[in-house]
$ cat entry21.pdb   # PDB, C-alpha atoms
MODEL        1
ATOM      1  CA  LEU A 194       0.000   0.000   0.000  1.00  0.00           C
ATOM      2  CA  LYS A 195       2.811   2.355   0.878  1.00  0.00           C
ATOM      3  CA  ALA A 196       4.528   1.538  -2.389  1.00  0.00           C
ATOM      4  CA  ALA A 197       1.308   2.091  -4.325  1.00  0.00           C
ATOM      5  CA  ALA A 198       0.648   5.381  -2.566  1.00  0.00           C
ATOM      6  CA  LYS A 199       4.193   6.489  -3.228  1.00  0.00           C
ATOM      7  CA  SER A 200       3.968   5.469  -6.877  1.00  0.00           C
ATOM      8  CA  HIS A 201       0.470   6.751  -7.743  1.00  0.00           C
ATOM      9  CA  GLY A 202       0.048   9.511  -5.177  1.00  0.00           C
ATOM     10  CA  PRO A 203       1.360  12.352  -7.378  1.00  0.00           C
ATOM     11  CA  VAL A 204      -0.890  11.291 -10.245  1.00  0.00           C
ATOM     12  CA  VAL A 205      -3.943  11.208  -7.992  1.00  0.00           C
ATOM     13  CA  LEU A 206      -3.100  14.626  -6.627  1.00  0.00           C
ATOM     14  CA  LYS A 207      -2.776  16.019 -10.150  1.00  0.00           C
ATOM     15  CA  VAL A 208      -6.138  14.551 -11.120  1.00  0.00           C
ATOM     16  CA  LEU A 209      -7.764  15.963  -8.008  1.00  0.00           C
ATOM     17  CA  GLY A 210      -6.133  19.319  -8.692  1.00  0.00           C
ATOM     18  CA  LEU A 211      -7.394  19.357 -12.275  1.00  0.00           C
ATOM     19  CA  LEU A 212     -10.859  18.373 -11.101  1.00  0.00           C
ATOM     20  CA  ALA A 213     -10.890  21.144  -8.533  1.00  0.00           C
ATOM     21  CA  ALA A 214      -9.679  23.641 -11.136  1.00  0.00           C
ATOM     22  CA  SER A 215     -12.365  22.519 -13.580  1.00  0.00           C
ATOM     23  CA  VAL A 216     -15.056  22.933 -10.940  1.00  0.00           C
ATOM     24  CA  ALA A 217     -13.720  26.377 -10.093  1.00  0.00           C
ATOM     25  CA  ILE A 218     -13.642  27.400 -13.760  1.00  0.00           C
ATOM     26  CA  PHE A 219     -17.178  26.068 -14.288  1.00  0.00           C
ATOM     27  CA  PHE A 220     -18.655  27.997 -11.385  1.00  0.00           C
ATOM     28  CA  GLY A 221     -16.511  31.013 -12.212  1.00  0.00           C
ATOM     29  CA  THR A 222     -17.835  30.951 -15.777  1.00  0.00           C
ATOM     30  CA  LEU A 223     -21.408  30.730 -14.533  1.00  0.00           C
ATOM     31  CA  HIS A 224     -20.796  33.679 -12.275  1.00  0.00           C
ATOM     32  CA  GLY A 225     -19.126  35.605 -15.103  1.00  0.00           C
ATOM     33  CA  VAL A 226     -21.996  34.916 -17.509  1.00  0.00           C
ATOM     34  CA  ALA A 227     -24.560  35.950 -14.926  1.00  0.00           C
ATOM     35  CA  TRP A 228     -22.622  39.167 -14.313  1.00  0.00           C
ATOM     36  CA  ALA A 229     -22.245  39.894 -18.054  1.00  0.00           C
ATOM     37  CA  ARG A 230     -25.969  39.366 -18.718  1.00  0.00           C
ATOM     38  CA  THR A 231     -26.930  41.927 -16.075  1.00  0.00           C
ATOM     39  CA  SER A 232     -24.044  44.392 -16.138  1.00  0.00           C
ATOM     40  CA  PRO A 233     -24.655  47.890 -17.553  1.00  0.00           C
ATOM     41  CA  THR A 234     -21.217  47.554 -19.145  1.00  0.00           C
ATOM     42  CA  PHE A 235     -22.926  45.724 -22.003  1.00  0.00           C
ATOM     43  CA  GLY A 236     -26.030  47.913 -22.206  1.00  0.00           C
ATOM     44  CA  LEU A 237     -26.888  48.900 -25.782  1.00  0.00           C
ATOM     45  CA  LYS A 238     -25.954  52.478 -26.650  1.00  0.00           C
ATOM     46  CA  THR A 239     -25.521  52.592 -30.441  1.00  0.00           C
ATOM     47  CA  VAL A 240     -27.394  50.941 -33.331  1.00  0.00           C
ATOM     48  CA  SER A 241     -26.090  51.302 -36.890  1.00  0.00           C
ATOM     49  CA  VAL A 242     -28.314  50.355 -39.849  1.00  0.00           C
ATOM     50  CA  THR A 243     -26.860  50.135 -43.364  1.00  0.00           C
ATOM     51  CA  GLY A 244     -28.277  49.252 -46.782  1.00  0.00           C
ATOM     52  CA  GLN A 245     -31.782  50.614 -46.274  1.00  0.00           C
ATOM     53  CA  GLN A 246     -33.526  53.207 -48.418  1.00  0.00           C
ATOM     54  CA  GLU A 247     -37.243  52.462 -48.190  1.00  0.00           C
ATOM     55  CA  ALA A 248     -37.319  51.001 -44.677  1.00  0.00           C
ATOM     56  CA  THR A 249     -36.404  53.386 -41.848  1.00  0.00           C
ATOM     57  CA  ASP A 250     -34.090  52.808 -38.887  1.00  0.00           C
ATOM     58  CA  VAL A 251     -37.003  53.350 -36.516  1.00  0.00           C
ATOM     59  CA  GLU A 252     -39.200  50.769 -38.297  1.00  0.00           C
ATOM     60  CA  LEU A 253     -36.503  48.098 -38.258  1.00  0.00           C
ATOM     61  CA  ALA A 254     -35.588  48.710 -34.628  1.00  0.00           C
ATOM     62  CA  ARG A 255     -39.255  48.584 -33.625  1.00  0.00           C
ATOM     63  CA  ILE A 256     -40.119  45.320 -35.371  1.00  0.00           C
ATOM     64  CA  ALA A 257     -36.929  43.725 -34.025  1.00  0.00           C
ATOM     65  CA  GLY A 258     -37.816  44.781 -30.475  1.00  0.00           C
ATOM     66  CA  ILE A 259     -34.600  46.759 -30.033  1.00  0.00           C
ATOM     67  CA  SER A 260     -34.335  49.448 -27.358  1.00  0.00           C
ATOM     68  CA  LEU A 261     -31.403  51.291 -25.871  1.00  0.00           C
ATOM     69  CA  GLY A 262     -30.109  49.851 -22.608  1.00  0.00           C
ATOM     70  CA  GLN A 263     -30.769  46.242 -23.571  1.00  0.00           C
ATOM     71  CA  ASN A 264     -27.987  43.881 -22.584  1.00  0.00           C
ATOM     72  CA  LEU A 265     -26.084  42.670 -25.650  1.00  0.00           C
ATOM     73  CA  TRP A 266     -25.565  39.202 -24.163  1.00  0.00           C
ATOM     74  CA  THR A 267     -29.308  38.651 -23.754  1.00  0.00           C
ATOM     75  CA  MET A 268     -30.186  39.673 -27.314  1.00  0.00           C
ATOM     76  CA  GLU A 269     -31.326  36.856 -29.619  1.00  0.00           C
ATOM     77  CA  VAL A 270     -29.907  38.096 -32.925  1.00  0.00           C
ATOM     78  CA  ARG A 271     -31.452  35.262 -34.960  1.00  0.00           C
ATOM     79  CA  ASN A 272     -34.908  36.190 -33.691  1.00  0.00           C
ATOM     80  CA  MET A 273     -34.180  39.809 -34.602  1.00  0.00           C
ATOM     81  CA  GLU A 274     -33.177  38.779 -38.132  1.00  0.00           C
ATOM     82  CA  ARG A 275     -36.396  36.794 -38.559  1.00  0.00           C
ATOM     83  CA  ALA A 276     -38.471  39.745 -37.336  1.00  0.00           C
ATOM     84  CA  ILE A 277     -36.726  42.247 -39.632  1.00  0.00           C
ATOM     85  CA  SER A 278     -37.082  39.864 -42.596  1.00  0.00           C
ATOM     86  CA  ALA A 279     -40.863  40.199 -42.228  1.00  0.00           C
ATOM     87  CA  HIS A 280     -40.642  43.827 -43.384  1.00  0.00           C
ATOM     88  CA  PRO A 281     -41.875  43.870 -47.009  1.00  0.00           C
ATOM     89  CA  TRP A 282     -38.868  45.794 -48.338  1.00  0.00           C
ATOM     90  CA  ILE A 283     -36.230  43.577 -46.709  1.00  0.00           C
ATOM     91  CA  LYS A 284     -34.677  40.907 -48.927  1.00  0.00           C
ATOM     92  CA  SER A 285     -31.929  39.787 -46.506  1.00  0.00           C
ATOM     93  CA  VAL A 286     -30.594  40.920 -43.130  1.00  0.00           C
ATOM     94  CA  LYS A 287     -27.661  40.269 -40.801  1.00  0.00           C
ATOM     95  CA  VAL A 288     -27.549  41.454 -37.176  1.00  0.00           C
ATOM     96  CA  THR A 289     -24.188  41.567 -35.384  1.00  0.00           C
ATOM     97  CA  ARG A 290     -23.289  42.495 -31.806  1.00  0.00           C
ATOM     98  CA  ARG A 291     -20.530  45.114 -31.545  1.00  0.00           C
ATOM     99  CA  PHE A 292     -19.200  44.750 -28.005  1.00  0.00           C
ATOM    100  CA  PRO A 293     -19.283  46.329 -25.582  1.00  0.00           C
ATOM    101  CA  GLN A 294     -22.352  48.492 -26.383  1.00  0.00           C
ATOM    102  CA  GLY A 295     -23.154  48.458 -30.102  1.00  0.00           C
ATOM    103  CA  LEU A 296     -25.384  46.624 -32.576  1.00  0.00           C
ATOM    104  CA  ALA A 297     -25.013  46.541 -36.384  1.00  0.00           C
ATOM    105  CA  ILE A 298     -27.894  45.783 -38.772  1.00  0.00           C
ATOM    106  CA  GLU A 299     -26.987  45.196 -42.422  1.00  0.00           C
ATOM    107  CA  VAL A 300     -29.920  44.860 -44.827  1.00  0.00           C
ATOM    108  CA  GLU A 301     -30.440  44.319 -48.527  1.00  0.00           C
ATOM    109  CA  GLU A 302     -33.706  45.636 -49.905  1.00  0.00           C
ATOM    110  CA  HIS A 303     -35.757  44.506 -52.854  1.00  0.00           C
ATOM    111  CA  ARG A 304     -35.312  46.656 -55.971  1.00  0.00           C
ATOM    112  CA  ALA A 305     -38.717  47.500 -57.402  1.00  0.00           C
ATOM    113  CA  VAL A 306     -38.730  47.438 -61.210  1.00  0.00           C
ATOM    114  CA  ALA A 307     -42.454  47.350 -62.011  1.00  0.00           C
ATOM    115  CA  MET A 308     -45.981  47.328 -60.635  1.00  0.00           C
ATOM    116  CA  LEU A 309     -48.318  44.374 -61.129  1.00  0.00           C
ATOM    117  CA  ALA A 310     -52.099  44.700 -61.352  1.00  0.00           C
ATOM    118  CA  ILE A 311     -53.807  41.515 -60.104  1.00  0.00           C
ATOM    119  CA  GLY A 312     -56.941  42.915 -58.518  1.00  0.00           C
ATOM    120  CA  GLU A 313     -54.681  44.988 -56.273  1.00  0.00           C
ATOM    121  CA  LEU A 314     -51.380  46.614 -57.128  1.00  0.00           C
ATOM    122  CA  TYR A 315     -48.099  45.017 -56.084  1.00  0.00           C
ATOM    123  CA  LEU A 316     -44.469  45.975 -56.473  1.00  0.00           C
ATOM    124  CA  VAL A 317     -42.349  43.467 -58.404  1.00  0.00           C
ATOM    125  CA  ASN A 318     -38.595  43.058 -57.904  1.00  0.00           C
ATOM    126  CA  GLU A 319     -35.855  42.306 -60.441  1.00  0.00           C
ATOM    127  CA  GLU A 320     -36.397  38.571 -59.876  1.00  0.00           C
ATOM    128  CA  SER A 321     -40.036  38.915 -61.021  1.00  0.00           C
ATOM    129  CA  GLU A 322     -41.373  38.358 -57.505  1.00  0.00           C
ATOM    130  CA  PRO A 323     -44.295  40.455 -56.211  1.00  0.00           C
ATOM    131  CA  PHE A 324     -43.087  41.505 -52.766  1.00  0.00           C
ATOM    132  CA  LYS A 325     -45.229  44.375 -51.500  1.00  0.00           C
ATOM    133  CA  ARG A 326     -48.827  45.457 -51.872  1.00  0.00           C
ATOM    134  CA  ILE A 327     -49.128  49.119 -52.843  1.00  0.00           C
ATOM    135  CA  LYS A 328     -51.201  51.095 -50.370  1.00  0.00           C
ATOM    136  CA  ALA A 329     -53.186  54.288 -50.752  1.00  0.00           C
ATOM    137  CA  GLY A 330     -50.826  57.222 -50.781  1.00  0.00           C
ATOM    138  CA  ASP A 331     -47.864  55.260 -52.203  1.00  0.00           C
ATOM    139  CA  SER A 332     -46.360  56.777 -55.329  1.00  0.00           C
ATOM    140  CA  PHE A 333     -44.076  54.855 -57.684  1.00  0.00           C
ATOM    141  CA  ASP A 334     -42.989  55.875 -61.185  1.00  0.00           C
ATOM    142  CA  LEU A 335     -42.693  52.370 -62.615  1.00  0.00           C
ATOM    143  CA  PRO A 336     -44.172  50.485 -65.590  1.00  0.00           C
ATOM    144  CA  LEU A 337     -47.498  48.784 -64.857  1.00  0.00           C
ATOM    145  CA  ILE A 338     -47.891  45.125 -65.851  1.00  0.00           C
ATOM    146  CA  THR A 339     -51.445  44.125 -66.747  1.00  0.00           C
ATOM    147  CA  GLY A 340     -53.173  41.110 -68.289  1.00  0.00           C
ATOM    148  CA  ILE A 341     -52.781  38.620 -65.405  1.00  0.00           C
ATOM    149  CA  ASP A 342     -55.871  38.282 -63.235  1.00  0.00           C
ATOM    150  CA  ARG A 343     -55.807  37.330 -59.589  1.00  0.00           C
ATOM    151  CA  GLU A 344     -57.430  33.918 -60.126  1.00  0.00           C
ATOM    152  CA  GLN A 345     -54.925  33.039 -62.840  1.00  0.00           C
ATOM    153  CA  PHE A 346     -52.064  34.064 -60.570  1.00  0.00           C
ATOM    154  CA  ALA A 347     -53.390  31.946 -57.698  1.00  0.00           C
ATOM    155  CA  GLU A 348     -54.355  28.802 -59.618  1.00  0.00           C
ATOM    156  CA  GLY A 349     -51.838  28.776 -62.462  1.00  0.00           C
ATOM    157  CA  ARG A 350     -48.933  30.414 -60.710  1.00  0.00           C
ATOM    158  CA  ASP A 351     -46.181  28.747 -62.757  1.00  0.00           C
ATOM    159  CA  GLU A 352     -47.633  29.969 -66.060  1.00  0.00           C
ATOM    160  CA  ALA A 353     -48.371  33.391 -64.593  1.00  0.00           C
ATOM    161  CA  MET A 354     -44.790  33.679 -63.287  1.00  0.00           C
ATOM    162  CA  THR A 355     -43.448  32.767 -66.739  1.00  0.00           C
ATOM    163  CA  GLN A 356     -45.488  35.591 -68.253  1.00  0.00           C
ATOM    164  CA  LEU A 357     -44.377  37.945 -65.513  1.00  0.00           C
ATOM    165  CA  ARG A 358     -40.709  37.117 -66.130  1.00  0.00           C
ATOM    166  CA  GLU A 359     -41.209  37.834 -69.844  1.00  0.00           C
ATOM    167  CA  ALA A 360     -42.702  41.215 -68.993  1.00  0.00           C
ATOM    168  CA  ILE A 361     -39.825  42.088 -66.653  1.00  0.00           C
ATOM    169  CA  ALA A 362     -37.292  40.976 -69.271  1.00  0.00           C
ATOM    170  CA  LEU A 363     -38.973  43.271 -71.823  1.00  0.00           C
ATOM    171  CA  ILE A 364     -38.886  46.202 -69.378  1.00  0.00           C
ATOM    172  CA  ASP A 365     -35.195  45.607 -68.624  1.00  0.00           C
ATOM    173  CA  THR A 366     -34.205  45.216 -72.287  1.00  0.00           C
ATOM    174  CA  TYR A 367     -36.230  48.250 -73.359  1.00  0.00           C
ATOM    175  CA  GLY A 368     -34.734  50.375 -70.577  1.00  0.00           C
ATOM    176  CA  ALA A 369     -31.195  49.356 -71.525  1.00  0.00           C
ATOM    177  CA  GLU A 370     -31.568  50.281 -75.202  1.00  0.00           C
ATOM    178  CA  PRO A 371     -30.417  53.914 -75.561  1.00  0.00           C
ATOM    179  CA  LEU A 372     -32.178  54.462 -78.893  1.00  0.00           C
ATOM    180  CA  VAL A 373     -35.674  53.722 -77.565  1.00  0.00           C
ATOM    181  CA  LYS A 374     -35.643  54.422 -73.827  1.00  0.00           C
ATOM    182  CA  LYS A 375     -36.246  58.145 -74.435  1.00  0.00           C
ATOM    183  CA  GLN A 376     -39.899  57.135 -74.687  1.00  0.00           C
ATOM    184  CA  PRO A 377     -40.177  55.054 -71.498  1.00  0.00           C
ATOM    185  CA  LEU A 378     -42.795  52.368 -71.045  1.00  0.00           C
ATOM    186  CA  SER A 379     -45.721  53.151 -68.793  1.00  0.00           C
ATOM    187  CA  GLU A 380     -47.540  49.829 -69.264  1.00  0.00           C
ATOM    188  CA  VAL A 381     -46.795  46.304 -70.411  1.00  0.00           C
ATOM    189  CA  HIS A 382     -49.927  44.328 -71.267  1.00  0.00           C
ATOM    190  CA  LEU A 383     -49.776  40.530 -71.504  1.00  0.00           C
ATOM    191  CA  HIS A 384     -52.241  38.773 -73.808  1.00  0.00           C
ATOM    192  CA  PRO A 385     -52.524  35.494 -75.773  1.00  0.00           C
ATOM    193  CA  GLU A 386     -50.837  37.002 -78.865  1.00  0.00           C
ATOM    194  CA  GLY A 387     -47.816  38.243 -76.919  1.00  0.00           C
ATOM    195  CA  VAL A 388     -46.978  41.559 -75.288  1.00  0.00           C
ATOM    196  CA  THR A 389     -48.102  45.124 -75.918  1.00  0.00           C
ATOM    197  CA  GLY A 390     -46.095  48.041 -74.589  1.00  0.00           C
ATOM    198  CA  VAL A 391     -47.539  51.494 -74.039  1.00  0.00           C
ATOM    199  CA  THR A 392     -45.173  54.444 -73.712  1.00  0.00           C
ATOM    200  CA  CYS A 393     -45.627  57.436 -71.444  1.00  0.00           C
ATOM    201  CA  ASP A 394     -46.838  59.502 -74.416  1.00  0.00           C
ATOM    202  CA  GLY A 395     -49.477  56.908 -75.348  1.00  0.00           C
ATOM    203  CA  GLN A 396     -47.762  55.139 -78.225  1.00  0.00           C
ATOM    204  CA  GLU A 397     -48.652  51.427 -78.480  1.00  0.00           C
ATOM    205  CA  ILE A 398     -45.993  48.927 -79.493  1.00  0.00           C
ATOM    206  CA  GLU A 399     -47.099  45.426 -80.412  1.00  0.00           C
ATOM    207  CA  PHE A 400     -44.095  43.245 -79.613  1.00  0.00           C
ATOM    208  CA  GLY A 401     -45.839  39.906 -80.071  1.00  0.00           C
ATOM    209  CA  GLU A 402     -43.447  37.046 -79.291  1.00  0.00           C
ATOM    210  CA  GLY A 403     -39.805  36.435 -80.050  1.00  0.00           C
ATOM    211  CA  ASP A 404     -36.482  38.263 -80.007  1.00  0.00           C
ATOM    212  CA  VAL A 405     -37.094  41.571 -78.223  1.00  0.00           C
ATOM    213  CA  SER A 406     -33.575  42.946 -78.850  1.00  0.00           C
ATOM    214  CA  ALA A 407     -33.945  42.649 -82.638  1.00  0.00           C
ATOM    215  CA  LYS A 408     -37.385  44.234 -82.480  1.00  0.00           C
ATOM    216  CA  LEU A 409     -36.042  47.184 -80.493  1.00  0.00           C
ATOM    217  CA  VAL A 410     -33.476  47.825 -83.217  1.00  0.00           C
ATOM    218  CA  ARG A 411     -36.279  47.951 -85.789  1.00  0.00           C
ATOM    219  CA  LEU A 412     -38.337  50.139 -83.456  1.00  0.00           C
ATOM    220  CA  ALA A 413     -35.512  52.672 -83.156  1.00  0.00           C
ATOM    221  CA  ARG A 414     -35.093  52.724 -86.931  1.00  0.00           C
ATOM    222  CA  VAL A 415     -38.822  53.324 -87.492  1.00  0.00           C
ATOM    223  CA  ARG A 416     -38.974  56.117 -84.919  1.00  0.00           C
ATOM    224  CA  LYS A 417     -35.984  57.822 -86.519  1.00  0.00           C
ATOM    225  CA  GLU A 418     -37.681  57.697 -89.916  1.00  0.00           C
ATOM    226  CA  LEU A 419     -40.932  59.049 -88.452  1.00  0.00           C
ATOM    227  CA  ARG A 420     -39.119  61.984 -86.866  1.00  0.00           C
ATOM    228  CA  ALA A 421     -37.395  62.729 -90.170  1.00  0.00           C
ATOM    229  CA  ARG A 422     -40.830  62.921 -91.797  1.00  0.00           C
ATOM    230  CA  SER A 423     -42.369  64.913 -88.930  1.00  0.00           C
ATOM    231  CA  MET A 424     -44.832  62.104 -88.250  1.00  0.00           C
ATOM    232  CA  VAL A 425     -46.116  60.525 -85.043  1.00  0.00           C
ATOM    233  CA  ALA A 426     -47.103  56.876 -84.700  1.00  0.00           C
ATOM    234  CA  GLU A 427     -50.060  55.837 -82.603  1.00  0.00           C
ATOM    235  CA  VAL A 428     -49.339  52.113 -83.037  1.00  0.00           C
ATOM    236  CA  ILE A 429     -46.170  50.343 -84.144  1.00  0.00           C
ATOM    237  CA  ARG A 430     -46.534  46.640 -84.877  1.00  0.00           C
ATOM    238  CA  LEU A 431     -43.476  44.403 -84.574  1.00  0.00           C
ATOM    239  CA  ASP A 432     -45.504  41.199 -84.277  1.00  0.00           C
ATOM    240  CA  ASN A 433     -45.670  39.904 -87.860  1.00  0.00           C
ATOM    241  CA  ARG A 434     -45.021  36.183 -87.471  1.00  0.00           C
ATOM    242  CA  ALA A 435     -44.898  35.419 -91.178  1.00  0.00           C
ATOM    243  CA  ARG A 436     -42.446  38.245 -91.894  1.00  0.00           C
ATOM    244  CA  PRO A 437     -40.648  39.091 -88.625  1.00  0.00           C
ATOM    245  CA  SER A 438     -38.588  41.874 -90.206  1.00  0.00           C
ATOM    246  CA  TRP A 439     -41.694  43.794 -91.308  1.00  0.00           C
ATOM    247  CA  VAL A 440     -43.006  46.728 -89.284  1.00  0.00           C
ATOM    248  CA  ALA A 441     -46.524  48.166 -89.615  1.00  0.00           C
ATOM    249  CA  VAL A 442     -47.227  51.720 -88.446  1.00  0.00           C
ATOM    250  CA  GLN A 443     -50.509  53.462 -87.706  1.00  0.00           C
ATOM    251  CA  VAL A 444     -49.774  57.155 -88.043  1.00  0.00           C
ATOM    252  CA  SER A 445     -51.408  59.804 -85.854  1.00  0.00           C
ATOM    253  CA  ALA A 446     -52.899  62.987 -87.234  1.00  0.00           C
ATOM    254  CA  LYS A 447     -51.124  65.106 -84.625  1.00  0.00           C
ATOM    255  CA  LYS A 448     -47.710  66.617 -85.237  1.00  0.00           C
ATOM    256  CA  PRO A 449     -44.624  65.689 -83.170  1.00  0.00           C
TER     257      PRO A 449
ENDMDL
END
$ encode --input "entry21.pdb" --output "structure tokens"
Amino acid sequence: LKAAAKSHGPVVLKVLGLLAASVAIFFGTLHGVAWARTSPTFGLKTVSVTGQQEATDVELARIAGISLGQNLWTMEVRNMERAISAHPWIKSVKVTRRFPQGLAIEVEEHRAVAMLAIGELYLVNEESEPFKRIKAGDSFDLPLITGIDREQFAEGRDEAMTQLREAIALIDTYGAEPLVKKQPLSEVHLHPEGVTGVTCDGQEIEFGEGDVSAKLVRLARVRKELRARSMVAEVIRLDNRARPSWVAVQVSAKKP
């Protein structure tokens, strides 16, 4: 026994020492955490919000339940992110604690590119997703997409989304073409024969189906010729399926 004690005693003492240290660290950590979660040292003093244009700092802080003086250690940032994501303008969000007394909110908002009429008006983003219902008093200078009814959107969503993506693609391509965007689109109407665009000055453009880029080149050429002749077109048809390169023009009686 003496030999065993002499041989293993130091090892046992080391184990007991490590055990005691572990217990001390455990309880010390608990005490430290309890202190940190109640100490004013970590009370929230500053909140920085970046990336927002439509949503306001006050709105985001309110829906996330953020108030000055809150302890940073007790904040559930994932819950805050979920709450902020419910705001109609917010596409993505990241909330980060900035110790000892700060909080950072980084958001990415939807970019509205058009309005969609399906019984009510909705904003549509660049990914062709309706993301916000337009309320009374809202004002947006964006092309209006028509021709999809609410029932069609609800029951045949896949087909309706395909049409919506085509309309958004037309709006994007038209807006990127310098020779035609001087007469911006105010409406894009979807129908069984294709797409009709209406410009802000009331000119109708029958795009039909097919290569929009090639049709915009022809449209620019026709408008140039009309200006040279001091003529105004009420309707320009680019939808001839039998002869795609042909353009038909209905001329207005009014002068340009």
$ closest_residue --input "entry21.pdb" --among "A:Met268, A:Met354, A:Leu309, A:Ala279" --to "Leu237 in chain A" --atoms "all atoms listed in the file"
A:Met268
$ resolve_selection --input "entry21.pdb" --expression "the PyMOL selection byres ((chain A and resi 394) around 12)" --output "JSON, numbers by chain"
{"A": [375, 376, 377, 378, 379, 380, 390, 391, 392, 393, 395, 396, 397, 398, 425, 426, 427, 428, 449]}
$ residues_around --input "entry21.pdb" --residues "Asp342 in chain A" --least-positions-apart "6" --cutoff "10 Å" --atoms "only C-alpha atoms" --output "MDAnalysis selection string"
chainID A and resid 309:313 353
$ write_last_selection --input "entry21.pdb" --atoms "C-alpha atoms" --output "PDB file, in the coordinates of the input"
ATOM      1  CA  LEU A 309     -48.318  44.374 -61.129  1.00  0.00           C
ATOM      2  CA  ALA A 310     -52.099  44.700 -61.352  1.00  0.00           C
ATOM      3  CA  ILE A 311     -53.807  41.515 -60.104  1.00  0.00           C
ATOM      4  CA  GLY A 312     -56.941  42.915 -58.518  1.00  0.00           C
ATOM      5  CA  GLU A 313     -54.681  44.988 -56.273  1.00  0.00           C
ATOM      6  CA  ALA A 353     -48.371  33.391 -64.593  1.00  0.00           C
TER       7      ALA A 353
END
$ atom_distance --input "entry21.pdb" --atom1 "CA of Ile364 in chain A" --atom2 "CA of Ser423 in chain A"
27.3 Å
$ residues_near_point --input "entry21.pdb" --point "(-40.7, 42.0, -52.4)" --cutoff "12 Å" --atoms "only C-alpha atoms" --output "PyMOL selection string"
chain A and resi 247+278-285+301-309+315-327
$ write_last_selection --input "entry21.pdb" --atoms "C-alpha atoms" --output "mmCIF file, in the frame of the given file"
data_model
loop_
_atom_site.group_PDB
_atom_site.id
_atom_site.type_symbol
_atom_site.label_atom_id
_atom_site.label_comp_id
_atom_site.auth_asym_id
_atom_site.auth_seq_id
_atom_site.Cartn_x
_atom_site.Cartn_y
_atom_site.Cartn_z
ATOM 1 C CA GLU A 247 -37.243 52.462 -48.190
ATOM 2 C CA SER A 278 -37.082 39.864 -42.596
ATOM 3 C CA ALA A 279 -40.863 40.199 -42.228
ATOM 4 C CA HIS A 280 -40.642 43.827 -43.384
ATOM 5 C CA PRO A 281 -41.875 43.870 -47.009
ATOM 6 C CA TRP A 282 -38.868 45.794 -48.338
ATOM 7 C CA ILE A 283 -36.230 43.577 -46.709
ATOM 8 C CA LYS A 284 -34.677 40.907 -48.927
ATOM 9 C CA SER A 285 -31.929 39.787 -46.506
ATOM 10 C CA GLU A 301 -30.440 44.319 -48.527
ATOM 11 C CA GLU A 302 -33.706 45.636 -49.905
ATOM 12 C CA HIS A 303 -35.757 44.506 -52.854
ATOM 13 C CA ARG A 304 -35.312 46.656 -55.971
ATOM 14 C CA ALA A 305 -38.717 47.500 -57.402
ATOM 15 C CA VAL A 306 -38.730 47.438 -61.210
ATOM 16 C CA ALA A 307 -42.454 47.350 -62.011
ATOM 17 C CA MET A 308 -45.981 47.328 -60.635
ATOM 18 C CA LEU A 309 -48.318 44.374 -61.129
ATOM 19 C CA TYR A 315 -48.099 45.017 -56.084
ATOM 20 C CA LEU A 316 -44.469 45.975 -56.473
ATOM 21 C CA VAL A 317 -42.349 43.467 -58.404
ATOM 22 C CA ASN A 318 -38.595 43.058 -57.904
ATOM 23 C CA GLU A 319 -35.855 42.306 -60.441
ATOM 24 C CA GLU A 320 -36.397 38.571 -59.876
ATOM 25 C CA SER A 321 -40.036 38.915 -61.021
ATOM 26 C CA GLU A 322 -41.373 38.358 -57.505
ATOM 27 C CA PRO A 323 -44.295 40.455 -56.211
ATOM 28 C CA PHE A 324 -43.087 41.505 -52.766
ATOM 29 C CA LYS A 325 -45.229 44.375 -51.500
ATOM 30 C CA ARG A 326 -48.827 45.457 -51.872
ATOM 31 C CA ILE A 327 -49.128 49.119 -52.843
#
